[in-house]
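Participant: One structure coming up, written as structure tokens, with questions to follow.
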Amino acid sequence: MLTKIFTSDVFGINAYQVAVEVDSQTGIPGFHLVGMASTAVAEGKTRLRSALANCNFKLHSKRITVNLAPAEIKKDTTAFDLPIALGVIAVNDHLPPEKIGKGIIVGELSLNGGIRPVRGVLAIAELATKAGFEYILVPQENAPEAALAGEIEVRIAENLNQVVNSFQGLIPWKKMVSQQEFRAGEIELDLKDIKGQKRAREALEIAAAGGHNLLLVGPPGSGKSMLAKRLPGILPPMNKIESLETTKIYSISGLLNDTSLISTRPFRSPHHTVTNAGLVGGGPGPRPGEISLAHNGVLFLDELLEFSRNTLETLRQPMENQQITITRAKGSLTFPSSFQVVAAMNPCPCGYHNDKSRECICSKFQIRKYRNKLSGPLRDRFDLQLEVPALSYTEIMNEEEGESSATVRNRVLAARKFQIRRYREEKFFCNSNMDSGSIRKYCRLQQESQQLFSRHLERHKYSVRSADKILKMSRTIADLDLSPEIEKKHLKKALNFRCLDDSI
Ligand SMILES: [Zn+2]
């Protein structure tokens with residue numbers, strides 16, 4: 001007797017379908033598992049025996065073979081426990097086989113027949129919907145997550161007896177109804193809490209409006225990380241597609257502890273000792289790294305120069321391509337990683353270069369050597385670079401409360417709309433994504449501004465790349481003014497945000 005049940009696991013960010021075929025034949029009693037199963041699946045055999053015994057399912061003494069198809073994909077999950085158990089129960093005549101083949105079934109068994117949650121359920125529910133299955137049967141803890149997919153019936157599995165009884169029609173299924181309409185989350189940290197720091201606030205607004213990466217250079221205690229944490233709140237609110245993408249990544253990483261979609265832009269702040277796999281993804285599975293957990297949000301690199309050079313270099317490709325490809329013996333997989341970077345560093349080894357309160361003890365040579373730890377190509381990824389001074393107590397006390405994030409966000413949204421309209425014929429939609437051809441096309445300067453720009457470039461010996469960054473920023477500053485032309489005042493402001501280009 002043969003029965004077939006469908007289940008699923010995730011590879012990268014996407015789920016794939018697996019068929020569990022269970023066959024029972026007369027012969028020497030035994031239980032065989034074939035089809036490239038990992039230890040996690042093989043250990044399921046032991047859990048299965050205990051669960052079946054504890055739930056009083058008697059097995060006939062038969063030879064049972066379980067095949068997982070397709071065979072070439074490595075299956076590394078405990079999610080197949082429940083479908084395998086149901087297959088075994090069906091071939092032992094406790095369940096009509098035709099009842100269990102119309103949905104996708106996932107769940108880990110505990111020894112007493114209870115059912116534990118598995119990872120990646122949102123992606124699995126999406127797959128079940130696309131593949132036209134009637135329902136998805138998931139552990140209770142995963143049910144709210146499965147319901148986020150929206151369009152498929154979500155049945156809840158609490159324990160093995162309840163599942164079998166429901167399949168037999170003895171008790172009704174417990175179901176999870178899908179969530180209401182999507183709403184973007186509230187702003188969590190408000191800019192109005194930051195006193196003073198007018199230029200830094202302005203830089204943050206420009207970064208948000210044009211999607212530019214931002215580098216903050218300042219002494220310890222100048223509030224660099226407080227500023228960085230407020231970037232997600234002034235970016236445009238998340239839409240449902242972005243929210244589903246980001247939630248799926250957290251679901252696969254087993255980091256989804258809430259029962260709703262992630263509706264605010266993520267802010268990730270990995271420590272400088274993070275491994276390459278931790279940052280860009282890898283390890284067993286492989287799992288998404290910090291850059292994918294920051295997808296559609298902000299990656300904050302505090303103490304930038306403390307990160308190993310090698311780690312920082314691994315960031316270059318995903319920053320460029322907005323996705324990361326991890327190559328494995330079994331093939332390569334891609335995680336999305338569209339994120340904006342804010343980085344912070346001290347201005348010099350002692351931390352107090354250009355500080356009013358304390359004297360810097362570093363030589364010019366030491367400062368230059370320190371700053372050169374940031375390679376040219378990586379430095380080029382930061383459009384905006386500015387010094388953030390530490391404010392004295394009196395300065396902070398005299399400052400008025402700043403504008404709220406909501407007010408700033410309205411200007412950012414208007415500037416983004418202005419860009420979307422201009423770039424409707426292009427493949428990109430915000431200024432930071434312009435290549436050099438597009439910069440020539442969209443960032444033309446009037447004659448007077450052009451002269452000022454040329455003089456400035458000569459005096460400071462700026463590279464062509466730096467010049468391009470300044471033009472892109474000028475474009476964003478003009479967009480915040482809703483000005484079709486880049487005017488002299490816009491250019492002048494942009495020239496103020498390249499502090500690392502100036503020679504020491
Ligand atoms: Zn110093």
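Naming works like this for the structure tokens: A, B, ... for the chains as they're shown, residue 1 at the start of each chain, ligands 1 onward in shown order.
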Write out as an mmCIF file with C-alpha atoms, in the first residue's frame each polymer residue whose atoms come within 8 Å of A:Leu137, counting only C-alpha atoms; drop sequence neighbours fewer than 5 positions from it.

Facilitator:
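Result went into selection-v2.cif, see below:
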data_model
loop_
_atom_site.group_PDB
_atom_site.id
_atom_site.type_symbol
_atom_site.label_atom_id
_atom_site.label_comp_id
_atom_site.auth_asym_id
_atom_site.auth_seq_id
_atom_site.Cartn_x
_atom_site.Cartn_y
_atom_site.Cartn_z
ATOM 1 C CA GLY A 103 -2.717 20.305 1.356
ATOM 2 C CA ILE A 104 0.810 21.092 2.485
ATOM 3 C CA ILE A 105 1.587 19.703 5.917
ATOM 4 C CA VAL A 106 4.468 20.734 8.195
ATOM 5 C CA VAL A 154 -4.846 27.666 7.443
ATOM 6 C CA ARG A 155 -5.569 24.558 9.527
ATOM 7 C CA ILE A 156 -4.056 24.240 12.984
ATOM 8 C CA ALA A 157 -2.243 21.148 14.259
#

Participant: When you look at stretch 252-255 of chain A with a cut-off of 8 Å (counting only C-alpha atoms), what residues show up, excluding the ones that are within fewer than 3 positions of it in the same chain? I need them as a PyMOL selection string.

Facilitator: chain A and resi 10+13+119-121+123+248-249+287-288

Participant: Please write the residues from the selection above to a file, keeping N, CA and C atoms, as a PDB file, in the first residue's frame.

Facilitator:
ATOM      1  N   VAL A  10      12.352  25.292   3.297  1.00  0.00           N
ATOM      2  CA  VAL A  10      12.850  26.505   2.637  1.00  0.00           C
ATOM      3  C   VAL A  10      14.315  26.354   2.251  1.00  0.00           C
ATOM      4  N   ILE A  13      15.386  32.101   0.490  1.00  0.00           N
ATOM      5  CA  ILE A  13      14.194  32.795   0.979  1.00  0.00           C
ATOM      6  C   ILE A  13      12.919  32.115   0.482  1.00  0.00           C
ATOM      7  N   ARG A 119      10.427  26.559  11.037  1.00  0.00           N
ATOM      8  CA  ARG A 119      10.767  27.886  10.503  1.00  0.00           C
ATOM      9  C   ARG A 119      10.328  28.024   9.039  1.00  0.00           C
ATOM     10  N   GLY A 120      10.182  29.271   8.604  1.00  0.00           N
ATOM     11  CA  GLY A 120       9.926  29.548   7.192  1.00  0.00           C
ATOM     12  C   GLY A 120       8.472  29.356   6.761  1.00  0.00           C
ATOM     13  N   VAL A 121       7.526  29.374   7.717  1.00  0.00           N
ATOM     14  CA  VAL A 121       6.135  29.043   7.385  1.00  0.00           C
ATOM     15  C   VAL A 121       5.484  30.058   6.430  1.00  0.00           C
ATOM     16  N   ALA A 123       6.884  31.617   3.904  1.00  0.00           N
ATOM     17  CA  ALA A 123       7.292  31.249   2.547  1.00  0.00           C
ATOM     18  C   ALA A 123       6.569  29.968   2.110  1.00  0.00           C
ATOM     19  N   LYS A 248       9.336  37.511   5.608  1.00  0.00           N
ATOM     20  CA  LYS A 248       9.755  36.173   5.160  1.00  0.00           C
ATOM     21  C   LYS A 248      11.197  35.886   5.592  1.00  0.00           C
ATOM     22  N   ILE A 249      12.048  36.886   5.503  1.00  0.00           N
ATOM     23  CA  ILE A 249      13.450  36.699   5.894  1.00  0.00           C
ATOM     24  C   ILE A 249      13.553  36.431   7.396  1.00  0.00           C
ATOM     25  N   ARG A 287      21.665  30.416   6.353  1.00  0.00           N
ATOM     26  CA  ARG A 287      20.750  31.417   6.905  1.00  0.00           C
ATOM     27  C   ARG A 287      21.081  32.815   6.371  1.00  0.00           C
ATOM     28  N   PRO A 288      20.067  33.698   6.309  1.00  0.00           N
ATOM     29  CA  PRO A 288      20.346  35.084   5.909  1.00  0.00           C
ATOM     30  C   PRO A 288      21.224  35.790   6.945  1.00  0.00           C
TER      31      PRO A 288
END

Participant: Between A:Val464, A:Ile326, A:Ile361, A:Leu457, which is the closest to ligand 1 once you count only C-alpha atoms and all ligand atoms?

Facilitator: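 Closest to ligand 1, using only C-alpha atoms and all ligand atoms: A:Ile361.
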
Participant: With DSSP run on the backbone, what are the helix (DSSP H, G or I) residues within stretch 395-454 of chain A? I'd like them as a PyMOL selection string.

Facilitator: chain A and resi 395-398+405-422+431-433+436-442+447-454

Participant: Could you report the residues within 6 Å of ligand 1, using only C-alpha atoms and all ligand atoms, as a list of chain:residue names?

Facilitator: A:Cys348, A:Pro349, A:Cys350, A:Gly351, A:Tyr352, A:His353, A:Cys360, A:Ile361, A:Cys362

Participant: Please provide the set of residues having any atom within 12 Å of stretch 441-445 of chain A, restricted to only C-alpha atoms, with same-chain residues fewer than 2 positions apart removed, written as an NGL selection string.

Facilitator: :A and (419 or 422-423 or 426 or 430-431 or 434-439 or 447-454 or 467-479 or 484-492)
